[in-house]
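Student: What follows is data23.csv, made up of CSV, C-alpha atoms (C1' of nucleotides):
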chain,number,residue,atom,x,y,z
A,1,MET,CA,-16.1,73.4,-56.7
A,2,LYS,CA,-18.5,76.3,-56.2
A,3,PRO,CA,-16.6,79.6,-55.9
A,4,GLU,CA,-18.1,80.4,-52.5
A,5,THR,CA,-16.9,77.0,-51.2
A,6,ARG,CA,-13.5,77.5,-52.6
A,7,THR,CA,-13.3,81.1,-51.2
A,8,ARG,CA,-14.4,79.9,-47.7
A,9,GLU,CA,-11.7,77.3,-47.8
A,10,LEU,CA,-9.1,80.0,-48.8
A,11,ILE,CA,-10.1,82.3,-46.0
A,12,SER,CA,-10.0,79.4,-43.5
A,13,ARG,CA,-6.6,78.2,-44.7
A,14,LEU,CA,-5.1,81.7,-44.7
A,15,ALA,CA,-6.4,82.3,-41.2
A,16,ARG,CA,-5.0,79.0,-40.1
A,17,LEU,CA,-1.6,79.7,-41.6
A,18,ASP,CA,-1.6,83.2,-40.1
A,19,ALA,CA,-2.5,81.9,-36.6
A,20,ALA,CA,0.1,79.2,-36.8
A,21,GLY,CA,2.8,81.6,-37.9
A,22,SER,CA,2.0,84.4,-35.4
A,23,TRP,CA,3.2,82.9,-32.2
A,24,GLU,CA,5.2,86.1,-31.6
A,25,GLY,CA,6.9,86.2,-28.2
A,26,ASP,CA,4.8,84.2,-25.8
A,27,LEU,CA,1.4,85.0,-27.2
A,28,ASN,CA,-0.8,82.4,-28.8
A,29,PRO,CA,-3.2,83.4,-31.7
A,30,THR,CA,-6.2,84.1,-29.4
A,31,GLN,CA,-4.2,86.2,-27.0
A,32,ARG,CA,-2.7,88.1,-29.9
A,33,ALA,CA,-6.1,88.7,-31.4
A,34,ALA,CA,-7.4,90.1,-28.1
A,35,LEU,CA,-4.3,92.3,-27.9
A,36,ASN,CA,-4.8,93.6,-31.4
A,37,TYR,CA,-8.4,94.5,-30.6
A,38,LEU,CA,-7.4,96.3,-27.4
A,39,ALA,CA,-4.8,98.2,-29.4
A,40,HIS,CA,-7.4,99.6,-31.8
A,41,ALA,CA,-10.5,100.0,-29.6
A,42,ASN,CA,-11.4,103.3,-27.9
A,43,ARG,CA,-11.5,103.7,-24.1
A,44,PHE,CA,-15.3,102.9,-24.0
A,45,SER,CA,-14.8,99.5,-25.8
A,46,ARG,CA,-12.0,97.8,-23.9
A,47,SER,CA,-13.9,95.6,-21.4
A,48,PRO,CA,-13.9,91.8,-21.4
A,49,SER,CA,-17.5,91.8,-22.8
A,50,HIS,CA,-16.5,93.9,-25.8
A,51,VAL,CA,-13.5,91.7,-26.5
A,52,SER,CA,-15.6,88.6,-26.3
A,53,SER,CA,-18.3,90.1,-28.5
A,54,TYR,CA,-15.6,91.2,-31.1
A,55,LEU,CA,-13.9,87.8,-31.1
A,56,GLY,CA,-17.2,85.9,-31.0
A,57,THR,CA,-16.4,83.8,-27.9
A,58,THR,CA,-17.9,83.7,-24.5
A,59,ARG,CA,-17.1,86.1,-21.7
A,60,GLY,CA,-15.6,83.2,-19.7
A,61,THR,CA,-13.1,82.3,-22.3
A,62,THR,CA,-12.2,86.0,-22.8
A,63,SER,CA,-11.7,86.4,-19.1
A,64,GLN,CA,-9.1,83.7,-19.1
A,65,SER,CA,-7.2,85.2,-22.2
A,66,LEU,CA,-7.1,88.6,-20.6
A,67,LYS,CA,-5.9,87.2,-17.3
A,68,SER,CA,-3.1,85.6,-19.2
A,69,LEU,CA,-2.2,88.8,-21.0
A,70,LEU,CA,-2.3,90.6,-17.6
A,71,LEU,CA,0.0,88.1,-16.0
A,72,LYS,CA,2.5,88.4,-18.9
A,73,GLY,CA,2.4,92.2,-18.5
A,74,TYR,CA,1.0,93.1,-21.9
A,75,VAL,CA,-2.1,94.9,-20.5
A,76,GLU,CA,-3.1,96.5,-17.2
A,77,GLU,CA,-6.5,96.6,-15.5
A,78,LYS,CA,-8.4,99.8,-14.8
A,79,ARG,CA,-11.5,99.4,-12.8
A,80,SER,CA,-14.2,102.0,-13.4
A,81,THR,CA,-15.2,104.3,-10.6
A,82,GLN,CA,-18.7,105.1,-12.0
A,83,ASP,CA,-19.8,101.5,-12.6
A,84,LYS,CA,-17.9,99.3,-10.2
A,85,ARG,CA,-18.7,96.2,-12.3
A,86,VAL,CA,-16.8,97.2,-15.4
A,87,VAL,CA,-13.1,96.7,-16.1
A,88,ARG,CA,-11.0,98.3,-18.8
A,89,TYR,CA,-7.8,96.8,-20.2
A,90,ASP,CA,-5.1,99.2,-21.4
A,91,LEU,CA,-2.0,98.1,-23.2
A,92,THR,CA,1.3,98.5,-21.4
A,93,ASN,CA,4.5,99.7,-23.2
A,94,LYS,CA,5.3,96.0,-23.7
A,95,GLY,CA,1.9,95.5,-25.2
A,96,TRP,CA,2.2,98.4,-27.6
A,97,ASN,CA,5.6,97.2,-28.7
A,98,ILE,CA,4.4,93.7,-29.7
A,99,SER,CA,1.2,95.0,-31.3
A,100,HIS,CA,3.2,97.0,-33.8
A,101,SER,CA,5.0,93.9,-35.2
A,102,THR,CA,3.7,92.5,-38.4
A,103,THR,CA,2.7,88.9,-39.1
A,104,PRO,CA,3.9,86.8,-42.1
A,105,LEU,CA,0.4,87.1,-43.7
A,106,GLU,CA,0.6,90.9,-43.5
A,107,ASP,CA,3.9,90.8,-45.3
A,108,VAL,CA,2.3,88.7,-48.0
A,109,LEU,CA,-0.7,91.0,-48.3
A,110,ALA,CA,1.6,94.0,-48.4
A,111,SER,CA,3.2,92.5,-51.5
A,112,LEU,CA,-0.1,92.6,-53.4
A,113,ALA,CA,-0.8,95.4,-56.0
A,114,LYS,CA,-2.4,98.5,-54.5
A,115,ASP,CA,-5.7,98.1,-56.4
A,116,GLU,CA,-5.7,94.4,-55.7
A,117,ILE,CA,-5.6,94.7,-51.9
A,118,ALA,CA,-8.2,97.6,-52.1
A,119,VAL,CA,-10.6,95.3,-53.9
A,120,LEU,CA,-9.8,92.4,-51.6
A,121,GLN,CA,-10.5,94.6,-48.5
A,122,ASP,CA,-13.8,95.9,-50.0
A,123,ALA,CA,-15.1,92.4,-50.7
A,124,LEU,CA,-14.1,91.1,-47.3
A,125,THR,CA,-15.6,94.1,-45.6
A,126,THR,CA,-18.9,93.6,-47.4
A,127,SER,CA,-18.9,89.9,-46.5
A,128,LEU,CA,-18.1,90.6,-42.9
A,129,GLN,CA,-20.8,93.2,-42.6
A,130,THR,CA,-23.4,90.9,-44.1
A,131,ALA,CA,-22.3,88.0,-41.9
A,132,LEU,CA,-22.4,90.1,-38.8
A,133,ALA,CA,-25.8,91.6,-39.6
A,134,GLN,CA,-27.2,88.1,-40.1
A,135,ASN,CA,-26.1,87.1,-36.6
A,136,GLY,CA,-27.3,90.3,-35.0
A,137,ASN,CA,-23.7,91.1,-34.0
A,138,GLN,CA,-22.2,94.5,-33.6
A,139,GLU,CA,-20.0,95.7,-36.4
A,140,PHE,CA,-17.2,97.3,-34.3
A,141,GLY,CA,-16.5,99.9,-37.0
A,142,ILE,CA,-14.5,103.1,-36.6
A,143,CYS,CA,-15.9,106.0,-34.6
A,144,ARG,CA,-15.6,108.5,-37.5
A,145,THR,CA,-18.0,106.5,-39.7
A,146,CYS,CA,-20.8,106.4,-37.1
A,147,ILE,CA,-24.2,108.0,-37.0
A,148,HIS,CA,-23.5,109.4,-33.5
A,149,HIS,CA,-20.3,111.1,-34.7
A,150,LYS,CA,-20.5,114.9,-34.9
A,151,PRO,CA,-17.3,116.6,-36.1
A,152,ARG,CA,-16.1,119.6,-34.2
A,153,ILE,CA,-13.3,122.1,-35.0
A,154,LYS,CA,-11.0,120.0,-32.8
A,155,GLY,CA,-11.9,116.3,-32.6
A,156,ALA,CA,-15.6,115.3,-32.4
A,157,TYR,CA,-18.7,114.8,-30.2
A,158,CYS,CA,-20.5,111.5,-29.7
A,159,THR,CA,-24.3,112.0,-29.3
A,160,LEU,CA,-24.7,108.5,-27.9
A,161,LEU,CA,-22.1,108.6,-25.1
A,162,GLU,CA,-22.4,112.4,-24.9
A,163,THR,CA,-18.7,112.9,-24.8
A,164,GLU,CA,-16.0,114.9,-26.5
A,165,LEU,CA,-13.6,112.9,-28.5
A,166,SER,CA,-10.0,113.7,-29.6
A,167,THR,CA,-9.0,113.4,-33.2
A,168,PRO,CA,-7.0,110.2,-32.8
A,169,GLU,CA,-10.0,108.7,-30.9
A,170,THR,CA,-12.3,109.1,-33.9
A,171,ASP,CA,-10.1,106.6,-35.8
A,172,GLN,CA,-10.4,103.9,-33.1
A,173,ILE,CA,-12.8,101.0,-33.0
A,174,CYS,CA,-16.0,101.6,-31.0
A,175,ALA,CA,-18.3,98.9,-29.8
A,176,GLU,CA,-21.3,101.1,-30.2
A,177,GLN,CA,-20.6,102.2,-33.7
A,178,VAL,CA,-23.5,102.2,-36.2
A,179,ARG,CA,-22.7,102.9,-39.8
A,180,ALA,CA,-24.0,106.2,-41.0
B,1,MET,CA,-4.6,101.5,-40.2
B,2,LYS,CA,-2.4,100.0,-43.0
B,3,PRO,CA,-4.5,98.1,-45.6
B,4,GLU,CA,-2.6,94.8,-45.0
B,5,THR,CA,-3.2,95.0,-41.3
B,6,ARG,CA,-6.9,95.7,-41.9
B,7,THR,CA,-7.2,92.9,-44.4
B,8,ARG,CA,-5.4,90.5,-42.1
B,9,GLU,CA,-7.9,91.4,-39.4
B,10,LEU,CA,-10.8,90.9,-41.8
B,11,ILE,CA,-9.6,87.4,-42.8
B,12,SER,CA,-9.1,86.5,-39.2
B,13,ARG,CA,-12.5,87.7,-38.1
B,14,LEU,CA,-14.3,86.0,-41.0
B,15,ALA,CA,-12.6,82.7,-40.3
B,16,ARG,CA,-13.4,83.0,-36.6
B,17,LEU,CA,-17.0,83.7,-37.3
B,18,ASP,CA,-17.1,80.8,-39.8
B,19,ALA,CA,-15.5,78.5,-37.3
B,20,ALA,CA,-17.9,79.5,-34.5
B,21,GLY,CA,-20.9,79.1,-36.7
B,22,SER,CA,-20.0,75.8,-38.3
B,23,TRP,CA,-20.5,73.5,-35.4
B,24,GLU,CA,-22.7,71.4,-37.7
B,25,GLY,CA,-23.8,68.2,-36.0
B,26,ASP,CA,-21.2,67.0,-33.6
B,27,LEU,CA,-18.2,68.2,-35.5
B,28,ASN,CA,-16.0,71.0,-34.2
B,29,PRO,CA,-14.2,73.4,-36.7
B,30,THR,CA,-11.0,71.4,-36.9
B,31,GLN,CA,-12.8,68.1,-37.5
B,32,ARG,CA,-15.0,69.8,-40.0
B,33,ALA,CA,-11.9,71.2,-41.8
B,34,ALA,CA,-10.3,67.7,-41.9
B,35,LEU,CA,-13.6,66.2,-43.3
B,36,ASN,CA,-13.8,68.9,-46.0
B,37,TYR,CA,-10.2,68.2,-47.0
B,38,LEU,CA,-10.9,64.5,-47.3
B,39,ALA,CA,-14.0,65.2,-49.3
B,40,HIS,CA,-12.0,66.9,-52.0
B,41,ALA,CA,-8.6,65.1,-51.9
B,42,ASN,CA,-7.8,62.3,-54.3
B,43,ARG,CA,-7.2,58.7,-53.2
B,44,PHE,CA,-3.4,59.3,-53.0
B,45,SER,CA,-3.8,62.3,-50.7
B,46,ARG,CA,-6.0,61.1,-47.9
B,47,SER,CA,-3.5,60.0,-45.2
B,48,PRO,CA,-3.0,61.6,-41.8
B,49,SER,CA,0.2,63.1,-43.0
B,50,HIS,CA,-1.5,64.8,-45.9
B,51,VAL,CA,-4.3,66.1,-43.7
B,52,SER,CA,-1.8,67.6,-41.2
B,53,SER,CA,0.3,69.1,-43.9
B,54,TYR,CA,-2.8,70.7,-45.4
B,55,LEU,CA,-4.1,72.0,-42.2
B,56,GLY,CA,-0.7,73.1,-40.9
B,57,THR,CA,-0.8,71.1,-37.7
B,58,THR,CA,1.3,68.2,-36.5
B,59,ARG,CA,0.6,64.6,-37.3
B,60,GLY,CA,-0.2,63.9,-33.6
B,61,THR,CA,-3.0,66.4,-33.6
B,62,THR,CA,-4.4,65.2,-36.9
B,63,SER,CA,-4.2,61.6,-35.7
B,64,GLN,CA,-6.6,62.5,-32.8
B,65,SER,CA,-9.0,64.4,-35.0
B,66,LEU,CA,-9.2,61.6,-37.5
B,67,LYS,CA,-9.7,59.1,-34.6
B,68,SER,CA,-12.6,61.2,-33.5
B,69,LEU,CA,-14.1,61.4,-37.0
B,70,LEU,CA,-13.7,57.6,-37.3
B,71,LEU,CA,-15.4,57.1,-33.9
B,72,LYS,CA,-18.4,59.2,-35.0
B,73,GLY,CA,-18.7,57.3,-38.2
B,74,TYR,CA,-17.9,60.1,-40.7
B,75,VAL,CA,-14.9,58.3,-42.2
B,76,GLU,CA,-13.6,54.8,-42.5
B,77,GLU,CA,-10.0,53.5,-42.4
B,78,LYS,CA,-8.4,51.7,-45.4
B,79,ARG,CA,-5.0,50.3,-44.7
B,80,SER,CA,-2.8,50.1,-47.8
B,81,THR,CA,-1.6,46.7,-48.9
B,82,GLN,CA,1.5,47.9,-50.8
B,83,ASP,CA,2.9,50.1,-48.0
B,84,LYS,CA,1.7,48.7,-44.8
B,85,ARG,CA,2.5,51.9,-42.9
B,86,VAL,CA,0.0,54.1,-44.8
B,87,VAL,CA,-3.6,54.6,-43.9
B,88,ARG,CA,-6.2,56.2,-46.1
B,89,TYR,CA,-9.4,57.7,-44.8
B,90,ASP,CA,-12.5,57.6,-47.0
B,91,LEU,CA,-15.8,59.4,-46.3
B,92,THR,CA,-18.8,57.3,-45.3
B,93,ASN,CA,-22.3,58.1,-46.5
B,94,LYS,CA,-22.8,60.0,-43.3
B,95,GLY,CA,-19.6,61.9,-44.0
B,96,TRP,CA,-20.6,62.8,-47.6
B,97,ASN,CA,-24.0,64.0,-46.4
B,98,ILE,CA,-22.5,66.5,-43.9
B,99,SER,CA,-19.8,67.6,-46.2
B,100,HIS,CA,-22.4,68.9,-48.7
B,101,SER,CA,-24.0,71.3,-46.2
B,102,THR,CA,-23.0,74.9,-46.5
B,103,THR,CA,-21.8,77.1,-43.8
B,104,PRO,CA,-23.2,80.6,-43.0
B,105,LEU,CA,-20.1,82.2,-44.5
B,106,GLU,CA,-20.6,80.4,-47.7
B,107,ASP,CA,-24.1,81.7,-47.9
B,108,VAL,CA,-22.8,85.2,-47.5
B,109,LEU,CA,-20.1,84.7,-50.1
B,110,ALA,CA,-22.7,83.3,-52.5
B,111,SER,CA,-24.6,86.6,-52.2
B,112,LEU,CA,-21.7,88.6,-53.6
B,113,ALA,CA,-21.7,89.8,-57.2
B,114,LYS,CA,-20.2,87.3,-59.7
B,115,ASP,CA,-17.2,89.5,-60.6
B,116,GLU,CA,-16.7,90.4,-57.0
B,117,ILE,CA,-16.2,86.9,-55.7
B,118,ALA,CA,-14.0,86.0,-58.7
B,119,VAL,CA,-11.7,88.9,-57.9
B,120,LEU,CA,-11.8,87.9,-54.2
B,121,GLN,CA,-10.9,84.4,-55.0
B,122,ASP,CA,-8.0,85.5,-57.2
B,123,ALA,CA,-6.5,87.7,-54.6
B,124,LEU,CA,-6.8,85.1,-51.9
B,125,THR,CA,-5.4,82.4,-54.1
B,126,THR,CA,-2.4,84.6,-54.9
B,127,SER,CA,-1.9,85.4,-51.2
B,128,LEU,CA,-2.1,81.8,-50.2
B,129,GLN,CA,0.3,80.6,-52.9
B,130,THR,CA,2.8,83.3,-51.8
B,131,ALA,CA,2.4,82.5,-48.1
B,132,LEU,CA,2.8,78.7,-48.8
B,133,ALA,CA,5.8,79.2,-50.9
B,134,GLN,CA,7.5,81.3,-48.2
B,135,ASN,CA,7.1,78.5,-45.7
B,136,GLY,CA,8.1,75.8,-48.1
B,137,ASN,CA,4.6,74.2,-47.9
B,138,GLN,CA,2.9,72.2,-50.5
B,139,GLU,CA,0.2,73.9,-52.4
B,140,PHE,CA,-2.4,71.2,-52.5
B,141,GLY,CA,-3.8,72.4,-55.9
B,142,ILE,CA,-6.1,70.5,-58.2
B,143,CYS,CA,-4.7,67.6,-60.3
B,144,ARG,CA,-5.7,69.1,-63.6
B,145,THR,CA,-3.4,72.2,-63.1
B,146,CYS,CA,-0.3,70.1,-62.4
B,147,ILE,CA,2.9,69.7,-64.4
B,148,HIS,CA,2.6,65.9,-64.1
B,149,HIS,CA,-0.9,65.9,-65.6
B,150,LYS,CA,-1.2,64.5,-69.1
B,151,PRO,CA,-4.7,64.6,-70.6
B,152,ARG,CA,-5.9,61.5,-72.3
B,153,ILE,CA,-9.0,60.8,-74.4
B,154,LYS,CA,-10.7,59.5,-71.3
B,155,GLY,CA,-9.4,61.0,-68.0
B,156,ALA,CA,-5.6,61.6,-67.7
B,157,TYR,CA,-2.2,60.2,-66.8
B,158,CYS,CA,0.0,61.3,-64.0
B,159,THR,CA,3.7,61.1,-64.8
B,160,LEU,CA,4.7,61.3,-61.2
B,161,LEU,CA,2.6,58.5,-59.8
B,162,GLU,CA,2.5,56.7,-63.1
B,163,THR,CA,-1.2,56.1,-62.9
B,164,GLU,CA,-4.3,56.5,-65.0
B,165,LEU,CA,-6.8,58.9,-63.6
B,166,SER,CA,-10.5,59.2,-64.2
B,167,THR,CA,-12.0,62.6,-65.2
B,168,PRO,CA,-13.5,63.3,-61.8
B,169,GLU,CA,-10.2,62.6,-60.2
B,170,THR,CA,-8.5,65.3,-62.2
B,171,ASP,CA,-10.7,67.8,-60.4
B,172,GLN,CA,-9.6,66.6,-56.9
B,173,ILE,CA,-6.9,68.0,-54.6
B,174,CYS,CA,-3.5,66.3,-54.9
B,175,ALA,CA,-0.8,66.6,-52.3
B,176,GLU,CA,1.9,66.2,-55.0
B,177,GLN,CA,0.5,68.9,-57.2
B,178,VAL,CA,3.0,71.3,-58.7
B,179,ARG,CA,1.5,74.2,-60.7
B,180,ALA,CA,2.3,74.0,-64.4
C,1,DT,C1',-37.5,101.6,0.0
C,2,DT,C1',-37.3,97.2,-0.8
C,3,DG,C1',-37.1,93.6,-3.9
C,4,DC,C1',-36.1,91.5,-8.2
C,5,DA,C1',-34.2,91.3,-12.8
C,6,DA,C1',-30.5,92.5,-15.6
C,7,DT,C1',-25.6,93.1,-16.4
C,8,DA,C1',-20.3,92.6,-15.8
C,9,DG,C1',-17.2,89.7,-14.7
C,10,DT,C1',-15.1,85.4,-12.8
C,11,DT,C1',-14.7,80.4,-11.8
C,12,DT,C1',-14.9,75.7,-12.8
C,13,DC,C1',-15.8,71.7,-15.6
C,14,DG,C1',-15.1,68.6,-19.5
C,15,DA,C1',-13.9,68.0,-24.4
C,16,DG,C1',-10.9,69.1,-27.6
C,17,DT,C1',-6.7,71.4,-30.1
C,18,DC,C1',-2.0,71.9,-30.4
C,19,DG,C1',3.2,71.4,-30.2
C,20,DC,C1',6.4,68.4,-28.4
C,21,DT,C1',8.7,64.2,-27.5
C,22,DA,C1',9.0,59.4,-27.5
C,23,DC,C1',7.7,55.4,-29.5
C,24,DT,C1',6.5,51.2,-33.0
C,25,DA,C1',6.3,49.4,-37.5
C,26,DA,C1',7.5,49.3,-42.1
C,27,DT,C1',10.3,50.6,-46.0
C,28,DA,C1',14.4,52.4,-48.5
C,29,DG,C1',19.1,52.9,-49.2
C,30,DT,C1',23.8,51.4,-48.9
D,1,DA,C1',22.4,43.0,-43.1
D,2,DC,C1',22.5,47.6,-41.0
D,3,DT,C1',21.0,52.0,-40.8
D,4,DA,C1',18.2,56.0,-41.9
D,5,DT,C1',13.9,57.5,-43.1
D,6,DT,C1',9.0,57.6,-43.1
D,7,DA,C1',4.0,56.8,-41.5
D,8,DG,C1',1.4,56.7,-37.8
D,9,DT,C1',0.3,56.7,-32.8
D,10,DA,C1',0.5,57.7,-27.7
D,11,DG,C1',1.2,60.7,-23.8
D,12,DC,C1',2.1,65.2,-21.6
D,13,DG,C1',1.2,70.0,-20.5
D,14,DA,C1',-0.7,74.4,-21.9
D,15,DC,C1',-4.3,76.4,-23.7
D,16,DT,C1',-9.1,77.3,-26.0
D,17,DC,C1',-13.8,76.9,-25.9
D,18,DG,C1',-18.8,76.5,-24.5
D,19,DA,C1',-21.7,75.9,-20.8
D,20,DA,C1',-23.2,76.5,-16.4
D,21,DA,C1',-22.9,78.3,-11.8
D,22,DC,C1',-21.5,82.0,-9.1
D,23,DT,C1',-20.6,87.0,-7.0
D,24,DA,C1',-21.1,91.8,-7.2
D,25,DT,C1',-23.2,95.8,-8.8
D,26,DT,C1',-26.7,98.4,-10.9
D,27,DG,C1',-31.4,99.5,-12.7
D,28,DC,C1',-36.2,99.3,-12.4
D,29,DA,C1',-40.5,99.3,-10.5
D,30,DA,C1',-44.1,98.4,-7.2
Could the structure of this file be written out as structure tokens, please?

Tutor:
Amino acid sequence: MKPETRTRELISRLARLDAAGSWEGDLNPTQRAALNYLAHANRFSRSPSHVSSYLGTTRGTTSQSLKSLLLKGYVEEKRSTQDKRVVRYDLTNKGWNISHSTTPLEDVLASLAKDEIAVLQDALTTSLQTALAQNGNQEFGICRTCIHHKPRIKGAYCTLLETELSTPETDQICAEQVRA
Amino acid sequence: MKPETRTRELISRLARLDAAGSWEGDLNPTQRAALNYLAHANRFSRSPSHVSSYLGTTRGTTSQSLKSLLLKGYVEEKRSTQDKRVVRYDLTNKGWNISHSTTPLEDVLASLAKDEIAVLQDALTTSLQTALAQNGNQEFGICRTCIHHKPRIKGAYCTLLETELSTPETDQICAEQVRA
DNA sequence: TTGCAATAGTTTCGAGTCGCTACTAATAGT
DNA sequence: ACTATTAGTAGCGACTCGAAACTATTGCAA
């Protein structure tokens, strides 16, 4: 079998195993994925559109998943006052608690050698970036690594959103991020 | 973010992208995964039970997926004469044709450097083996690497199934495989 | 300013996955 | 012969997913 075929199969099987084994609490894999995204995204990137773009599904599907998360009390809705169309979803305490728990796959990955996981992460990152670029998708990288990111003495400044950012925020996922 | 968390996220996103982009023909991701398995599994490992064990779903779900594949003409049913309970699914010509097509993710992986994909494959293989071992799942490795595999001048002999195997068959997936 | 296009989000529909339980048929063990 | 086990299927309810239709809001431009 060609190495790329074999590797694709490995990725698919690992993801499948992970999804099956991560029915933590009353969250299914998709809901868990959405929650994970919301836990790491900055305050400008937590709308249904952003979630659906990140997960690669339609807005309709995402709308339902978020509604389910809302109903179960893992997130809360914040409607914007500037643009009355947009909604932002923030994690509740219950949401934060569950988002910290690790999945079986993470435990396995944690048992790899330090250099092994570093190399794995690099190769996967490269692959993901290439794949995303080919589809014209956004990368959803971390603020700190963006061309619009200008470091300040405390925190940073975003030249795109024209906003001051706190230090923890520069480590969050931003939907607008463009690699420097 | 911890490297194992980041890596898990990468695997999950790549798999999601791959699944979304591989709606080749009229096959959805699960049906495609089942077809891929059948394309690489040997003649002793192509029953609904084996497919469900490989994909990590229940037999009920697999039964439906296979029924769908059958209906669409990608596979055909062969009922065993020895054990009248078991069914074997073989790919039709239509099935072989589609199983040879590559997915977008494969194309991306193929563009990686040779040593990079080798290292990637190794790390993923190790992770998968560990994860499967923890769940008590079968590994579904290749015949040739099994403790029951005894090479012959032409092909091989399996001491578990007590059967002669042709050379191509020793490169196929076997549900009974146990790493030597 | 008015009007139209674009955008954010929701709703609904049909097909399909998935876990679960219950079921039939065939085989294996005692 | 009786029972337990195994292979496969059927039906149920919850959910995902893509697609299309829909509302509300905003942006743009004549």

Student: Write out as number ranges by chain every residue belonging to chain C that has an atom at most 12 Å from any atom of chain B, counting only C-alpha atoms (C1' of nucleotides).

Tutor: C: 15-22, 24-28

Student: I'd like the interatomic distance between CA of Leu17 (chain B) and CA of Gly95 (chain A), to a tenth of an Å.

Tutor: 25.4 Å

Student: Wanna dump the chain D-chain B contacts at 10 Å for me, each residue with its shortest atom pair and the distance in Å to one decimal, counting only C-alpha atoms (C1' of nucleotides), ordered by chain and number, as a tab-separated table?

Tutor:
residue	atom	partner	partner_atom	distance
D:DT6	C1'	B:Arg85	CA	8.6
D:DA7	C1'	B:Arg85	CA	5.3
D:DG8	C1'	B:Arg85	CA	7.1
D:DT9	C1'	B:Ser63	CA	7.3
D:DA10	C1'	B:Gly60	CA	8.6
D:DC17	C1'	B:Ala20	CA	9.9

Student: Would you kindly report the residues of chain B within 7 Å of chain A, using only C-alpha atoms, as a PDB file with C-alpha atoms, keeping the file's coordinate frame?

Tutor:
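So selection_27.pdb came out as:
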ATOM      1  CA  GLU B   4      -2.600  94.800 -45.000  1.00  0.00           C
ATOM      2  CA  THR B   5      -3.200  95.000 -41.300  1.00  0.00           C
ATOM      3  CA  THR B   7      -7.200  92.900 -44.400  1.00  0.00           C
ATOM      4  CA  ARG B   8      -5.400  90.500 -42.100  1.00  0.00           C
ATOM      5  CA  LEU B  10     -10.800  90.900 -41.800  1.00  0.00           C
ATOM      6  CA  ILE B  11      -9.600  87.400 -42.800  1.00  0.00           C
ATOM      7  CA  SER B  12      -9.100  86.500 -39.200  1.00  0.00           C
ATOM      8  CA  LEU B  14     -14.300  86.000 -41.000  1.00  0.00           C
ATOM      9  CA  ALA B  15     -12.600  82.700 -40.300  1.00  0.00           C
ATOM     10  CA  LEU B  17     -17.000  83.700 -37.300  1.00  0.00           C
ATOM     11  CA  GLY B  56      -0.700  73.100 -40.900  1.00  0.00           C
ATOM     12  CA  LEU B 105     -20.100  82.200 -44.500  1.00  0.00           C
ATOM     13  CA  GLU B 106     -20.600  80.400 -47.700  1.00  0.00           C
ATOM     14  CA  VAL B 108     -22.800  85.200 -47.500  1.00  0.00           C
ATOM     15  CA  LEU B 109     -20.100  84.700 -50.100  1.00  0.00           C
ATOM     16  CA  ALA B 110     -22.700  83.300 -52.500  1.00  0.00           C
ATOM     17  CA  GLU B 116     -16.700  90.400 -57.000  1.00  0.00           C
ATOM     18  CA  LEU B 120     -11.800  87.900 -54.200  1.00  0.00           C
ATOM     19  CA  GLN B 121     -10.900  84.400 -55.000  1.00  0.00           C
ATOM     20  CA  ALA B 123      -6.500  87.700 -54.600  1.00  0.00           C
ATOM     21  CA  LEU B 124      -6.800  85.100 -51.900  1.00  0.00           C
ATOM     22  CA  THR B 125      -5.400  82.400 -54.100  1.00  0.00           C
ATOM     23  CA  SER B 127      -1.900  85.400 -51.200  1.00  0.00           C
ATOM     24  CA  LEU B 128      -2.100  81.800 -50.200  1.00  0.00           C
ATOM     25  CA  THR B 130       2.800  83.300 -51.800  1.00  0.00           C
ATOM     26  CA  ALA B 131       2.400  82.500 -48.100  1.00  0.00           C
TER      27      ALA B 131
END

Student: Rounded to one decimal in Å, what is the spacing between CA of Leu91 (chain B) and C1' of DT16 (chain D)?

Tutor: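 That distance, rounded to one decimal, is 27.9 Å.
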
Student: Which residues, protein or nucleic acid, reach to within 12 Å of (-26.4, 107.4, -36.3) in the file's coordinates when using all atoms listed in the file, and can you give that as a list in words?

Tutor: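 Here is the list of nearby residues: Cys143, Arg144, Thr145, Cys146, Ile147, His148, His149, Lys150, Cys158, Thr159, Leu160, Glu176, Gln177, Val178, Arg179 and Ala180 of chain A.
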
Student: Counting all atoms listed in the file, figure out which residue out of B:Gly141, B:Pro29, B:Gly136, B:Pro151 gets nearest to Thr167 (chain B).

Tutor: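 That would be B:Pro151, the residue with the smallest distance to Thr167 (chain B).
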
Student: Please list as a VMD selection string every residue within 7 Å of Cys174 (chain B), counting only C-alpha atoms (C1' of nucleotides) and excluding residues in the same chain fewer than 4 positions away.

Tutor: chain B and resid 41 to 42 45 140 to 143

Student: Do you know which residues are at most 9 Å from Arg43 (chain A) counting only C-alpha atoms (C1' of nucleotides), after dropping those on the same chain fewer than 5 positions away, and could you put them as a PDB file with C-alpha atoms, in the frame of the given file?

Tutor:
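As a result, around_15.pdb now contains:
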ATOM      1  CA  ARG A  88     -11.000  98.300 -18.800  1.00  0.00           C
ATOM      2  CA  TYR A  89      -7.800  96.800 -20.200  1.00  0.00           C
ATOM      3  CA  ASP A  90      -5.100  99.200 -21.400  1.00  0.00           C
ATOM      4  CA  GLU A 169     -10.000 108.700 -30.900  1.00  0.00           C
ATOM      5  CA  CYS A 174     -16.000 101.600 -31.000  1.00  0.00           C
TER       6      CYS A 174
END
